[in-house]
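File shown here: model_5.cif, holding mmCIF, C-alpha atoms.
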data_my_file
loop_
_atom_site.label_atom_id
_atom_site.label_comp_id
_atom_site.auth_asym_id
_atom_site.auth_seq_id
_atom_site.Cartn_x
_atom_site.Cartn_y
_atom_site.Cartn_z
CA MET A 1 -26.90 6.87 7.52
CA ALA A 2 -25.66 9.05 10.39
CA ASP A 3 -27.57 6.91 12.93
CA LEU A 4 -25.87 3.67 11.88
CA LEU A 5 -22.69 2.28 13.36
CA TYR A 6 -21.15 0.21 10.58
CA PRO A 7 -19.02 -2.80 11.60
CA ILE A 8 -15.33 -2.83 10.69
CA ASN A 9 -13.62 -5.80 9.08
CA ARG A 10 -10.57 -7.61 10.47
CA THR A 11 -8.08 -5.49 8.49
CA GLU A 12 -9.66 -2.27 9.71
CA HIS A 13 -9.69 -3.69 13.23
CA ALA A 14 -5.94 -4.29 12.99
CA TYR A 15 -5.41 -0.69 11.87
CA ILE A 16 -7.37 0.87 14.74
CA SER A 17 -5.71 -1.47 17.26
CA THR A 18 -2.13 -0.69 16.19
CA HIS A 19 -2.73 2.95 15.19
CA GLY A 20 -1.04 4.15 18.39
CA MET A 21 1.90 1.76 18.30
CA MET A 22 2.64 2.62 14.66
CA GLY A 23 1.95 6.35 14.97
CA SER A 24 -0.55 6.51 12.11
CA PHE A 25 -1.28 4.45 9.00
CA ASN A 26 -1.12 7.37 6.58
CA GLN A 27 -1.17 6.77 2.82
CA PRO A 28 0.13 9.99 1.22
CA TYR A 29 -0.01 9.88 -2.59
CA LEU A 30 1.88 12.65 -4.42
CA MET A 31 0.69 13.40 -7.98
CA ARG A 32 2.52 15.78 -10.31
CA LEU A 33 0.30 17.44 -12.93
CA ASN A 34 1.26 18.23 -16.52
CA ALA A 35 -0.12 21.79 -16.44
CA PRO A 36 -1.19 24.55 -14.05
CA VAL A 37 -4.65 24.39 -12.46
CA ASP A 38 -6.70 26.86 -10.44
CA GLU A 39 -6.22 26.41 -6.70
CA ALA A 40 -9.89 27.07 -5.90
CA ARG A 41 -10.99 24.42 -8.38
CA VAL A 42 -8.70 21.84 -6.79
CA ARG A 43 -10.14 22.66 -3.38
CA GLU A 44 -13.67 22.27 -4.67
CA GLY A 45 -12.75 18.95 -6.28
CA PHE A 46 -11.44 17.51 -3.03
CA ARG A 47 -14.51 18.80 -1.15
CA ARG A 48 -16.78 17.12 -3.70
CA LEU A 49 -14.94 13.85 -3.12
CA VAL A 50 -15.80 14.09 0.57
CA SER A 51 -19.46 14.61 -0.31
CA ALA A 52 -19.56 11.83 -2.89
CA HIS A 53 -17.79 9.11 -0.90
CA PRO A 54 -19.15 8.42 2.61
CA ARG A 55 -15.97 6.64 3.70
CA LEU A 56 -14.16 9.98 3.63
CA ARG A 57 -16.69 11.26 6.19
CA CYS A 58 -16.35 8.27 8.52
CA VAL A 59 -15.33 8.61 12.13
CA VAL A 60 -14.33 5.60 14.23
CA GLU A 61 -16.62 5.27 17.24
CA PRO A 62 -16.81 2.72 20.06
CA GLY A 63 -19.85 0.50 20.24
CA ARG A 64 -20.69 -1.56 23.32
CA LEU A 65 -18.12 -4.21 22.46
CA HIS A 66 -16.37 -3.19 19.25
CA TYR A 67 -15.45 -0.10 17.30
CA GLY A 68 -17.32 0.80 14.14
CA PHE A 69 -17.69 3.48 11.48
CA ARG A 70 -20.17 6.32 11.77
CA VAL A 71 -20.73 8.42 8.66
CA LEU A 72 -21.03 12.13 9.38
CA PRO A 73 -23.83 14.04 7.65
CA ASP A 74 -22.50 16.24 4.87
CA ASP A 75 -23.16 19.48 6.77
CA GLU A 76 -21.38 22.37 8.46
CA ILE A 77 -19.48 19.96 10.76
CA VAL A 78 -17.83 18.38 7.73
CA ASP A 79 -17.22 21.88 6.33
CA GLN A 80 -15.33 22.75 9.49
CA LEU A 81 -13.34 19.51 9.46
CA PHE A 82 -12.49 20.02 5.79
CA GLU A 83 -11.03 23.45 6.61
CA ILE A 84 -8.45 21.57 8.69
CA ALA A 85 -8.00 18.79 6.14
CA TRP A 86 -7.36 21.15 3.19
CA LYS A 87 -3.89 22.70 2.98
CA VAL A 88 -1.95 24.77 0.46
CA ARG A 89 1.84 24.50 0.79
CA ARG A 90 3.94 27.15 -0.91
CA ASP A 91 7.14 26.36 1.00
CA VAL A 92 8.11 23.20 -0.90
CA ASP A 93 10.39 23.51 -3.92
CA LEU A 94 8.92 20.95 -6.31
CA ASP A 95 12.03 21.15 -8.49
CA ASP A 96 14.22 19.88 -5.64
CA PRO A 97 13.86 16.08 -5.26
CA ALA A 98 15.37 16.09 -1.78
CA GLU A 99 12.95 18.77 -0.57
CA LEU A 100 9.98 16.92 -2.05
CA GLU A 101 11.10 13.71 -0.38
CA ALA A 102 11.43 15.55 2.96
CA PHE A 103 7.88 16.87 2.57
CA HIS A 104 6.66 13.34 1.91
CA ASN A 105 8.34 12.14 5.11
CA GLU A 106 6.73 14.98 7.03
CA ILE A 107 3.15 14.21 6.04
CA LEU A 108 3.69 10.45 6.34
CA ASN A 109 4.41 11.01 10.03
CA ASP A 110 1.68 13.56 10.81
CA PRO A 111 -1.03 11.48 12.57
CA LEU A 112 -4.46 11.52 11.00
CA PRO A 113 -7.53 11.69 13.26
CA LEU A 114 -9.85 8.70 13.32
CA GLU A 115 -12.34 9.38 16.11
CA ARG A 116 -13.01 13.01 15.27
CA GLY A 117 -12.37 13.06 11.49
CA LEU A 118 -11.68 13.70 8.76
CA GLY A 119 -9.16 10.86 8.46
CA MET A 120 -7.60 12.50 5.41
CA ARG A 121 -5.56 15.49 4.28
CA ALA A 122 -5.68 17.15 0.86
CA PHE A 123 -2.78 19.33 -0.29
CA PHE A 124 -2.15 21.61 -3.23
CA LEU A 125 1.46 22.58 -4.00
CA PRO A 126 1.56 25.38 -6.63
CA HIS A 127 4.10 25.48 -9.45
CA PRO A 128 4.20 27.64 -12.59
CA GLN A 129 4.23 24.65 -14.94
CA ARG A 130 3.67 21.39 -13.01
CA PRO A 131 1.87 21.74 -9.68
CA MET A 132 1.27 18.82 -7.34
CA LEU A 133 -1.81 17.31 -5.73
CA VAL A 134 -1.52 15.25 -2.56
CA MET A 135 -4.13 12.88 -1.20
CA ASN A 136 -3.27 11.52 2.25
CA ILE A 137 -5.83 9.04 3.61
CA HIS A 138 -5.68 6.76 6.65
CA HIS A 139 -5.40 3.11 5.64
CA MET A 140 -8.33 2.23 7.89
CA LEU A 141 -10.61 4.12 5.51
CA LEU A 142 -9.29 2.98 2.12
CA ASP A 143 -6.88 0.60 0.42
CA GLY A 144 -4.74 1.42 -2.62
CA ARG A 145 -7.31 0.39 -5.21
CA SER A 146 -9.89 2.63 -3.52
CA ILE A 147 -7.49 5.59 -3.58
CA LEU A 148 -6.93 5.13 -7.33
CA HIS A 149 -10.73 5.13 -7.74
CA LEU A 150 -10.91 8.48 -5.94
CA LEU A 151 -8.00 9.88 -7.95
CA SER A 152 -9.81 8.96 -11.16
CA ASP A 153 -12.89 10.77 -9.84
CA LEU A 154 -10.86 13.85 -8.92
CA MET A 155 -9.04 14.04 -12.26
CA GLY A 156 -12.30 13.46 -14.09
CA TRP A 157 -13.89 16.37 -12.24
CA LEU A 158 -10.92 18.65 -12.90
CA ASN A 159 -11.40 17.81 -16.59
CA GLY A 160 -15.09 18.68 -16.56
CA ARG A 161 -16.85 15.43 -15.64
CA ASP A 162 -19.15 14.74 -12.70
CA ILE A 163 -18.18 12.56 -9.75
CA ARG A 164 -20.37 9.49 -9.34
CA PRO A 165 -21.26 8.99 -5.64
CA SER A 166 -20.50 5.69 -3.94
CA GLU A 167 -22.43 3.81 -1.29
CA MET A 168 -21.11 3.22 2.21
CA GLU A 169 -19.71 -0.31 2.14
CA SER A 170 -18.75 -2.10 5.32
CA ARG A 171 -18.08 -5.73 4.47
CA SER A 172 -16.55 -8.53 6.46
CA MET A 173 -13.64 -10.17 4.64
CA TRP A 174 -14.66 -13.60 5.86
CA PRO A 175 -17.04 -14.31 2.93
CA ALA A 176 -14.03 -13.90 0.61
CA ALA A 177 -11.83 -16.31 2.59
CA ALA A 178 -14.17 -18.79 4.32
CA PRO A 179 -13.62 -22.41 3.23
CA ARG A 180 -16.67 -24.04 1.68
CA SER A 181 -15.64 -27.56 2.69
CA TRP A 182 -13.55 -29.47 5.21
CA ARG A 183 -11.12 -30.28 2.40
CA GLN A 184 -10.44 -26.59 1.83
CA LEU A 185 -10.04 -25.98 5.57
CA LEU A 186 -7.58 -28.85 5.94
CA ALA A 187 -5.65 -27.64 2.89
CA ALA A 188 -5.51 -24.14 4.38
CA ARG A 189 -4.23 -25.59 7.67
CA SER A 190 -1.56 -27.54 5.80
CA HIS A 191 -0.43 -24.42 3.92
CA ALA A 192 -0.24 -22.44 7.19
CA ARG A 193 1.82 -25.14 8.93
CA GLU A 194 4.24 -25.37 5.99
CA ALA A 195 4.64 -21.58 5.96
CA ALA A 196 5.39 -21.62 9.71
CA ARG A 197 7.98 -24.37 9.23
CA LEU A 198 9.75 -22.47 6.46
CA ALA A 199 9.70 -19.26 8.48
CA ALA A 200 11.42 -21.07 11.36
CA GLU A 201 13.97 -22.93 9.23
CA VAL A 202 14.76 -20.50 6.40
CA PRO A 203 15.92 -17.00 7.42
CA ALA A 204 14.76 -14.09 5.29
CA ILE A 205 17.42 -11.94 3.66
CA GLN A 206 16.91 -8.34 4.76
CA VAL A 207 18.40 -4.94 4.22
CA PRO A 208 20.36 -4.57 7.51
CA THR A 209 17.67 -4.27 10.17
CA LYS A 210 17.70 -4.21 13.96
CA LEU A 211 14.87 -4.80 16.42
CA THR A 212 13.83 -1.99 18.76
CA HIS A 213 11.65 -1.80 21.87
CA ASN A 214 9.43 0.90 20.34
CA TYR A 215 8.89 2.40 16.90
CA SER A 216 9.93 5.97 16.18
CA THR A 217 8.95 7.26 12.72
CA HIS A 218 8.14 5.98 9.26
CA ALA A 219 10.59 6.83 6.50
CA VAL A 220 10.14 7.08 2.74
CA LEU A 221 12.75 7.29 0.00
CA HIS A 222 11.68 8.19 -3.54
CA HIS A 223 12.83 5.89 -6.29
CA ARG A 224 12.11 5.75 -9.99
CA LEU A 225 13.53 2.58 -11.50
CA GLY A 226 16.60 3.34 -13.60
CA VAL A 227 15.13 1.32 -16.52
CA GLY A 228 11.90 2.27 -18.26
CA ALA A 229 8.79 0.09 -18.36
CA ALA A 230 8.99 -0.67 -22.11
CA PRO A 231 12.21 -2.77 -22.17
CA LEU A 232 11.18 -4.62 -19.00
CA ARG A 233 7.74 -5.38 -20.43
CA ALA A 234 9.40 -6.70 -23.61
CA ARG A 235 11.63 -8.98 -21.50
CA ALA A 236 8.61 -10.15 -19.47
CA ARG A 237 6.76 -11.09 -22.67
CA ALA A 238 9.79 -12.96 -23.96
CA ILE A 239 9.93 -14.98 -20.73
CA GLY A 240 6.16 -15.50 -20.67
CA VAL A 241 5.35 -13.66 -17.43
CA SER A 242 3.62 -10.40 -16.51
CA LEU A 243 5.53 -7.18 -15.89
CA ASN A 244 4.47 -7.31 -12.24
CA THR A 245 5.87 -10.83 -11.84
CA LEU A 246 9.10 -9.76 -13.53
CA LEU A 247 9.45 -6.95 -10.98
CA VAL A 248 8.97 -9.43 -8.13
CA ALA A 249 11.67 -11.61 -9.67
CA LEU A 250 13.88 -8.52 -9.98
CA PHE A 251 13.48 -7.81 -6.28
CA ALA A 252 14.10 -11.47 -5.38
CA GLU A 253 17.29 -11.60 -7.47
CA SER A 254 18.51 -8.38 -5.84
CA PHE A 255 18.04 -9.81 -2.35
CA LEU A 256 19.78 -13.05 -3.32
CA ARG A 257 22.78 -11.02 -4.48
CA LEU A 258 22.64 -8.98 -1.28
CA ASP A 259 23.34 -12.15 0.73
CA ALA A 260 25.08 -14.47 -1.68
CA ALA A 261 27.15 -16.25 1.00
CA ASP A 262 24.38 -17.99 2.98
CA PRO A 263 22.66 -20.66 0.84
CA LYS A 264 20.07 -21.29 3.56
CA SER A 265 18.69 -17.75 3.53
CA ALA A 266 15.93 -16.78 1.11
CA ALA A 267 14.37 -13.80 -0.54
CA VAL A 268 10.94 -13.71 1.15
CA ILE A 269 8.56 -11.30 -0.53
CA ARG A 270 5.05 -10.61 0.69
CA LEU A 271 2.62 -9.91 -2.14
CA SER A 272 -0.75 -8.22 -1.74
CA VAL A 273 -3.92 -9.73 -3.20
CA ASP A 274 -7.08 -7.82 -4.03
CA MET A 275 -9.70 -10.00 -2.34
CA ARG A 276 -12.63 -8.35 -4.12
CA ARG A 277 -12.25 -11.08 -6.72
CA CYS A 278 -12.95 -13.72 -4.05
CA TYR A 279 -16.39 -12.43 -3.01
CA PRO A 280 -19.49 -14.19 -4.36
CA GLU A 281 -20.62 -12.96 -7.75
CA GLY A 282 -22.61 -9.75 -7.47
CA GLN A 283 -21.31 -9.01 -3.94
CA GLN A 284 -17.89 -7.61 -4.79
CA PRO A 285 -17.25 -4.41 -2.81
CA VAL A 286 -15.62 -1.33 -4.33
CA ILE A 287 -14.55 1.25 -1.74
CA GLY A 288 -12.85 0.08 1.47
CA ASN A 289 -10.15 -2.35 2.62
CA PHE A 290 -10.13 -5.76 0.98
CA VAL A 291 -6.50 -6.89 0.76
CA GLY A 292 -4.97 -10.28 1.51
CA ALA A 293 -1.39 -11.46 1.11
CA PHE A 294 0.82 -14.47 0.49
CA LEU A 295 4.58 -15.11 0.46
CA VAL A 296 6.95 -15.82 -2.40
CA ARG A 297 10.13 -17.51 -1.20
CA GLU A 298 13.26 -18.17 -3.27
CA GLN A 299 16.63 -19.55 -2.08
CA ARG A 300 18.36 -20.61 -5.30
CA ARG A 301 21.24 -18.40 -6.34
CA GLY A 302 22.82 -18.15 -9.74
CA LEU A 303 19.75 -19.24 -11.71
CA PRO A 304 19.41 -17.76 -15.19
CA PHE A 305 16.97 -14.90 -14.76
CA ASP A 306 14.40 -16.41 -17.14
CA GLU A 307 14.30 -19.54 -15.00
CA LEU A 308 14.06 -17.52 -11.80
CA ALA A 309 11.20 -15.43 -13.21
CA ARG A 310 9.27 -18.54 -14.25
CA ALA A 311 9.80 -20.06 -10.79
CA ILE A 312 8.49 -16.87 -9.19
CA ASP A 313 5.58 -16.89 -11.64
CA ALA A 314 4.65 -20.43 -10.55
CA GLN A 315 4.62 -19.31 -6.90
CA VAL A 316 2.51 -16.27 -7.71
CA LYS A 317 -0.01 -18.41 -9.57
CA GLU A 318 -0.11 -20.93 -6.72
CA GLY A 319 -0.67 -18.18 -4.13
CA THR A 320 -3.46 -16.70 -6.22
CA ARG A 321 -5.00 -20.16 -6.72
CA ARG A 322 -5.14 -20.72 -2.98
CA PHE A 323 -7.19 -17.56 -2.56
CA ASP A 324 -9.47 -18.47 -5.45
CA GLU A 325 -9.93 -22.02 -4.11
CA ARG A 326 -10.57 -20.87 -0.52
CA GLU A 327 -7.38 -22.48 0.80
CA MET A 328 -6.23 -19.51 2.90
CA GLY A 329 -9.00 -19.58 5.50
CA TRP A 330 -6.99 -21.08 8.37
CA THR A 331 -4.86 -17.97 8.96
CA TYR A 332 -7.79 -15.63 8.38
CA LEU A 333 -9.97 -17.59 10.82
CA PHE A 334 -7.45 -16.79 13.56
CA GLU A 335 -7.45 -13.11 12.60
CA GLU A 336 -11.25 -13.02 12.61
CA LEU A 337 -11.27 -14.53 16.12
CA VAL A 338 -8.69 -12.04 17.43
CA ALA A 339 -10.79 -9.18 16.08
CA TYR A 340 -13.78 -10.57 17.99
CA PHE A 341 -11.96 -9.96 21.29
CA GLY A 342 -11.64 -6.24 20.60
CA ARG A 343 -9.15 -3.43 20.17
CA THR A 344 -7.44 -3.70 23.57
CA MET A 345 -6.60 -7.39 23.25
CA THR A 346 -5.34 -6.97 19.68
CA ALA A 347 -3.15 -4.01 20.67
CA TYR A 348 -1.84 -5.97 23.67
CA LEU A 349 -0.91 -8.90 21.44
CA GLY A 350 0.73 -6.50 19.00
CA TRP A 351 2.94 -4.99 21.67
CA LYS A 352 3.86 -8.44 23.05
CA MET A 353 4.85 -9.66 19.59
CA LYS A 354 6.82 -6.49 18.88
CA ARG A 355 8.88 -6.64 22.06
CA ALA A 356 9.46 -10.39 21.76
CA GLY A 357 10.63 -10.01 18.16
CA LYS A 358 7.78 -12.23 16.96
CA PHE A 359 6.54 -10.18 14.02
CA PRO A 360 7.14 -12.11 10.78
CA ARG A 361 10.55 -11.39 9.28
CA ILE A 362 10.41 -10.90 5.53
CA SER A 363 12.67 -9.35 2.93
CA LEU A 364 10.10 -7.06 1.39
CA HIS A 365 6.40 -6.33 1.15
CA ALA A 366 5.71 -5.56 -2.51
CA THR A 367 2.27 -4.27 -3.36
CA SER A 368 1.42 -3.27 -6.92
CA LEU A 369 -0.98 -0.61 -8.16
CA GLY A 370 -0.31 -1.70 -11.73
CA ASP A 371 -0.58 0.74 -14.62
CA ALA A 372 -1.81 4.04 -13.16
CA ASN A 373 -2.12 5.67 -16.57
CA ARG A 374 -5.78 4.62 -16.39
CA ILE A 375 -6.34 7.49 -13.96
CA ASN A 376 -6.07 9.82 -16.95
CA ALA A 377 -8.91 9.66 -19.45
CA ALA A 378 -7.81 9.44 -23.09
CA ASP A 379 -9.19 12.92 -23.85
CA ALA A 380 -8.06 14.58 -20.60
CA ARG A 381 -6.29 17.93 -20.91
CA LEU A 382 -5.10 17.99 -17.30
CA ARG A 383 -3.20 14.81 -16.50
CA ILE A 384 -1.11 13.18 -13.80
CA ASP A 385 2.32 12.40 -15.24
CA GLU A 386 4.16 11.39 -12.07
CA ILE A 387 2.94 9.56 -8.96
CA TRP A 388 4.56 8.67 -5.65
CA PRO A 389 2.30 6.32 -3.62
CA VAL A 390 3.29 5.33 -0.08
CA ALA A 391 1.85 3.10 2.62
CA PRO A 392 3.49 2.45 6.01
CA SER A 393 4.69 -1.00 7.00
CA LEU A 394 6.47 -2.91 9.74
CA SER A 395 8.95 -4.14 7.10
CA LEU A 396 10.51 -2.62 4.00
CA LEU A 397 7.68 -1.93 1.54
CA PHE A 398 7.59 -0.95 -2.13
CA VAL A 399 4.36 0.30 -3.69
CA THR A 400 5.10 -0.28 -7.38
CA VAL A 401 3.21 1.69 -10.00
CA GLU A 402 3.70 2.43 -13.69
CA MET A 403 3.11 5.94 -15.03
CA ASN A 404 4.21 7.59 -18.27
CA GLY A 405 6.69 4.87 -19.17
CA SER A 406 8.39 4.92 -15.75
CA ILE A 407 8.13 2.53 -12.82
CA PHE A 408 7.92 4.22 -9.43
CA PHE A 409 8.35 2.41 -6.14
CA PRO A 410 8.92 4.67 -3.15
CA ALA A 411 10.50 2.66 -0.33
CA ALA A 412 8.83 2.87 3.09
CA PHE A 413 10.34 1.41 6.27
CA GLN A 414 10.78 1.92 10.02
CA ARG A 415 13.41 4.62 10.52
CA CYS A 416 14.48 3.28 13.93
CA GLU A 417 15.18 -0.20 12.57
CA THR A 418 16.66 0.40 9.12
CA ASP A 419 19.27 2.94 8.05
CA PRO A 420 18.17 4.98 5.00
CA ARG A 421 21.68 4.65 3.56
CA ALA A 422 21.28 0.86 3.49
CA VAL A 423 17.96 1.22 1.66
CA ARG A 424 19.47 3.62 -0.89
CA SER A 425 22.30 1.16 -1.49
CA PHE A 426 19.78 -1.64 -2.07
CA LEU A 427 17.82 0.54 -4.50
CA SER A 428 21.02 1.06 -6.48
CA LEU A 429 21.52 -2.70 -6.56
CA VAL A 430 17.96 -3.14 -7.88
CA ASP A 431 18.79 -0.69 -10.66
CA GLU A 432 21.95 -2.61 -11.57
CA VAL A 433 20.02 -5.87 -11.82
CA ALA A 434 17.27 -4.15 -13.82
CA ARG A 435 19.83 -2.91 -16.35
CA GLU A 436 21.14 -6.45 -16.77
CA ILE A 437 17.64 -7.84 -17.25
CA ALA A 438 16.70 -5.17 -19.78
CA GLY A 439 20.00 -5.41 -21.63
CA VAL A 440 20.82 -1.75 -21.02
CA THR A 441 24.53 -1.17 -21.69
CA ASP A 442 24.90 2.03 -19.64
CA SER A 443 27.65 1.18 -17.17
CA GLU A 444 27.14 4.21 -14.98
CA PRO A 445 25.48 3.35 -11.64
CA VAL A 446 22.06 4.93 -11.14
CA ASP A 447 22.02 7.19 -8.12
CA ALA A 448 18.80 6.65 -6.17
CA ARG A 449 18.25 10.34 -5.42
CA LYS A 450 18.91 11.39 -9.04
CA ALA A 451 16.64 8.62 -10.29
CA ALA A 452 13.89 10.00 -8.06
CA ALA A 453 14.08 13.26 -10.01
#
Kindly transcribe the structure held in the file into structure tokens.
Amino acid sequence: MADLLYPINRTEHAYISTHGMMGSFNQPYLMRLNAPVDEARVREGFRRLVSAHPRLRCVVEPGRLHYGFRVLPDDEIVDQLFEIAWKVRRDVDLDDPAELEAFHNEILNDPLPLERGLGMRAFFLPHPQRPMLVMNIHHMLLDGRSILHLLSDLMGWLNGRDIRPSEMESRSMWPAAAPRSWRQLLAARSHAREAARLAAEVPAIQVPTKLTHNYSTHAVLHHRLGVGAAPLRARARAIGVSLNTLLVALFAESFLRLDAADPKSAAVIRLSVDMRRCYPEGQQPVIGNFVGAFLVREQRRGLPFDELARAIDAQVKEGTRRFDEREMGWTYLFEELVAYFGRTMTAYLGWKMKRAGKFPRISLHATSLGDANRINAADARLRIDEIWPVAPSLSLLFVTVEMNGSIFFPAAFQRCETDPRAVRSFLSLVDEVAREIAGVTDSEPVDARKAAA
């Protein structure tokens, strides 16, 4: 394994190419436990994850033409690297939401190594009743679904079960997107042209944002939705949509209210798609990066919420259908070709687009981890009862996740382009709309920082 240089897919190529421009694509997940746990056992659990999953031992190495992954042998070199990756922090007051949020911002902006490894950090934050585990992994190594897989392994081990090792998977994403016929390719081209037309003609409503010559730092604000999952799930069932679709409609309605005066502007929400489902049967990968995306766009203001949610649901189903029917290959063909020309060209194009203001302008990137209660086994004594997942983004991003009856969606954005006060104000608006949807009569506004507690 150590002698092989595994190829990287187009998403991983984009991460290595823009790693410098963006600072680092850290994904720090904060998990609050329901009971104390021995520090040494947590350390051993994280170290066993590194042994069991080769992607955590990957370093990025240049080949003759392109970068690839090399898996380090599980030896004293990895032991030494893990000594740097493992940290115990006793200086963070876990009972102070503002201090915890500041810690999250700190580790989100601490660059992770890619070419020397390990591209991860593991933290333990002690507390007499409810300590915290932190898994911070570079996005080039894993996507959100992969991180949840590792968290399930870690919690299983802390509750007395073995960790099942994974194989090193290095799969191109093209087999999941490649059209099988000219009809599918032409349909994909038509979809791409229509998306480009709408992007040019219909401005996206945004939390006040300015363009800058360079990026500075990522920012994250903690937010727990001011309405619980149960009443929103009941409303979703009454409408005939999923809870995840209802949340997308909630975000869309909030943006439409944010800019109610301009009928031409739209709530433009980018939704992530797990492309594992699109691989041929029997070839679906597990650990790695396999995420696509499509846009939901809504301009109509004043619609009854049920009607809005069903309209959003139709768009979500259509976007998913296009992936299933291989009608998204036109855009991905271009990305595959750009990756072929290497890291320097991709980074050059990235900088040119940034400074010309050519990056796509959207309202929000919403990616869902779904119901994270599955991380905890039914018979587990030690459990995660609170989770704060974050991924960096060029635009405002919510990683939505349900845990213990609450919906968490920490907000990540570029600090130099968006004022945190504007984001907090928008989060309060989302809470107001959520209360209306759920029929909650509490008239007191939900403070974003208090809701994070």
Check what the PyMOL selection byres ((chain A and resi 12-20) around 10) selects in the file above and give those residues as a VMD selection string.
chain A and resid 7 to 11 21 to 26 60 66 to 68 111 to 112 114 to 115 138 to 142 172 288 to 290 335 to 336 338 to 340 342 to 351
Starting from the shown file, work through the PyMOL selection byres ((chain A and resi 311) around 12) and note down what comes out as a PyMOL selection string.
chain A and resi 239-241+245-246+248-249+252-253+296-300+303-310+312-318
For the selection just defined, write its residues with C-alpha atoms to a file, as an mmCIF file, in the frame of the given file.
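That gives us again35.cif:
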data_model
loop_
_atom_site.group_PDB
_atom_site.id
_atom_site.type_symbol
_atom_site.label_atom_id
_atom_site.label_comp_id
_atom_site.auth_asym_id
_atom_site.auth_seq_id
_atom_site.Cartn_x
_atom_site.Cartn_y
_atom_site.Cartn_z
ATOM 1 C CA ILE A 239 9.930 -14.980 -20.730
ATOM 2 C CA GLY A 240 6.160 -15.500 -20.670
ATOM 3 C CA VAL A 241 5.350 -13.660 -17.430
ATOM 4 C CA THR A 245 5.870 -10.830 -11.840
ATOM 5 C CA LEU A 246 9.100 -9.760 -13.530
ATOM 6 C CA VAL A 248 8.970 -9.430 -8.130
ATOM 7 C CA ALA A 249 11.670 -11.610 -9.670
ATOM 8 C CA ALA A 252 14.100 -11.470 -5.380
ATOM 9 C CA GLU A 253 17.290 -11.600 -7.470
ATOM 10 C CA VAL A 296 6.950 -15.820 -2.400
ATOM 11 C CA ARG A 297 10.130 -17.510 -1.200
ATOM 12 C CA GLU A 298 13.260 -18.170 -3.270
ATOM 13 C CA GLN A 299 16.630 -19.550 -2.080
ATOM 14 C CA ARG A 300 18.360 -20.610 -5.300
ATOM 15 C CA LEU A 303 19.750 -19.240 -11.710
ATOM 16 C CA PRO A 304 19.410 -17.760 -15.190
ATOM 17 C CA PHE A 305 16.970 -14.900 -14.760
ATOM 18 C CA ASP A 306 14.400 -16.410 -17.140
ATOM 19 C CA GLU A 307 14.300 -19.540 -15.000
ATOM 20 C CA LEU A 308 14.060 -17.520 -11.800
ATOM 21 C CA ALA A 309 11.200 -15.430 -13.210
ATOM 22 C CA ARG A 310 9.270 -18.540 -14.250
ATOM 23 C CA ILE A 312 8.490 -16.870 -9.190
ATOM 24 C CA ASP A 313 5.580 -16.890 -11.640
ATOM 25 C CA ALA A 314 4.650 -20.430 -10.550
ATOM 26 C CA GLN A 315 4.620 -19.310 -6.900
ATOM 27 C CA VAL A 316 2.510 -16.270 -7.710
ATOM 28 C CA LYS A 317 -0.010 -18.410 -9.570
ATOM 29 C CA GLU A 318 -0.110 -20.930 -6.720
#
Could you name the residues that touch A:Val433 at 9 Å or less, counting all atoms listed in the file, but leaving out those on the same chain fewer than 6 positions away, as a VMD selection string?
chain A and resid 250 to 251 253 to 254
Write a file of the just-selected residues containing C-alpha atoms, as a JSON list (two decimals), in the frame of the given file.
[["chain", "number", "residue", "atom", "x", "y", "z"],
["A", 250, "LEU", "CA", 13.88, -8.52, -9.98],
["A", 251, "PHE", "CA", 13.48, -7.81, -6.28],
["A", 253, "GLU", "CA", 17.29, -11.60, -7.47],
["A", 254, "SER", "CA", 18.51, -8.38, -5.84]]
Taking the file above as input, evaluate the PyMOL selection byres ((chain A and resi 398) around 10) and report the hits as a compact mmCIF listing (two decimals) with C-alpha atoms, in the frame of the given file.
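Once everything was written out, this is expr39.txt:
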# COMPACT_ATOMS: atom_id res chain seq x y z
CA VAL A 220 10.14 7.08 2.74
CA LEU A 221 12.75 7.29 0.00
CA HIS A 223 12.83 5.89 -6.29
CA PHE A 251 13.48 -7.81 -6.28
CA LEU A 364 10.10 -7.06 1.39
CA HIS A 365 6.40 -6.33 1.15
CA ALA A 366 5.71 -5.56 -2.51
CA THR A 367 2.27 -4.27 -3.36
CA SER A 368 1.42 -3.27 -6.92
CA PRO A 389 2.30 6.32 -3.62
CA VAL A 390 3.29 5.33 -0.08
CA ALA A 391 1.85 3.10 2.62
CA PRO A 392 3.49 2.45 6.01
CA SER A 393 4.69 -1.00 7.00
CA SER A 395 8.95 -4.14 7.10
CA LEU A 396 10.51 -2.62 4.00
CA LEU A 397 7.68 -1.93 1.54
CA VAL A 399 4.36 0.30 -3.69
CA THR A 400 5.10 -0.28 -7.38
CA VAL A 401 3.21 1.69 -10.00
CA PHE A 408 7.92 4.22 -9.43
CA PHE A 409 8.35 2.41 -6.14
CA PRO A 410 8.92 4.67 -3.15
CA ALA A 411 10.50 2.66 -0.33
CA ALA A 412 8.83 2.87 3.09
CA PHE A 413 10.34 1.41 6.27
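The coordinates place atom CA of A:Leu100 at 22.7 Å from atom CA of A:Gly119.
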Nearest to A:Ala434 among A:Arg189, A:Ala229, A:Arg121, A:Val273, with distances taken over all atoms listed in the file: which residue is it?
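Result for the nearest residue to A:Ala434: A:Ala229.
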Give me the residues within 7 Å of stretch 198-214 of chain A as a list of chain:residue names, counting only C-alpha atoms and dropping any in the same chain fewer than 5 places off.
A:Phe255, A:Asp259, A:Lys264, A:Ser265, A:Ala266, A:Ala267, A:Val268, A:Arg355, A:Gly357, A:Arg361, A:Ile362, A:Ser363, A:Glu417, A:Thr418, A:Ala422, A:Val423
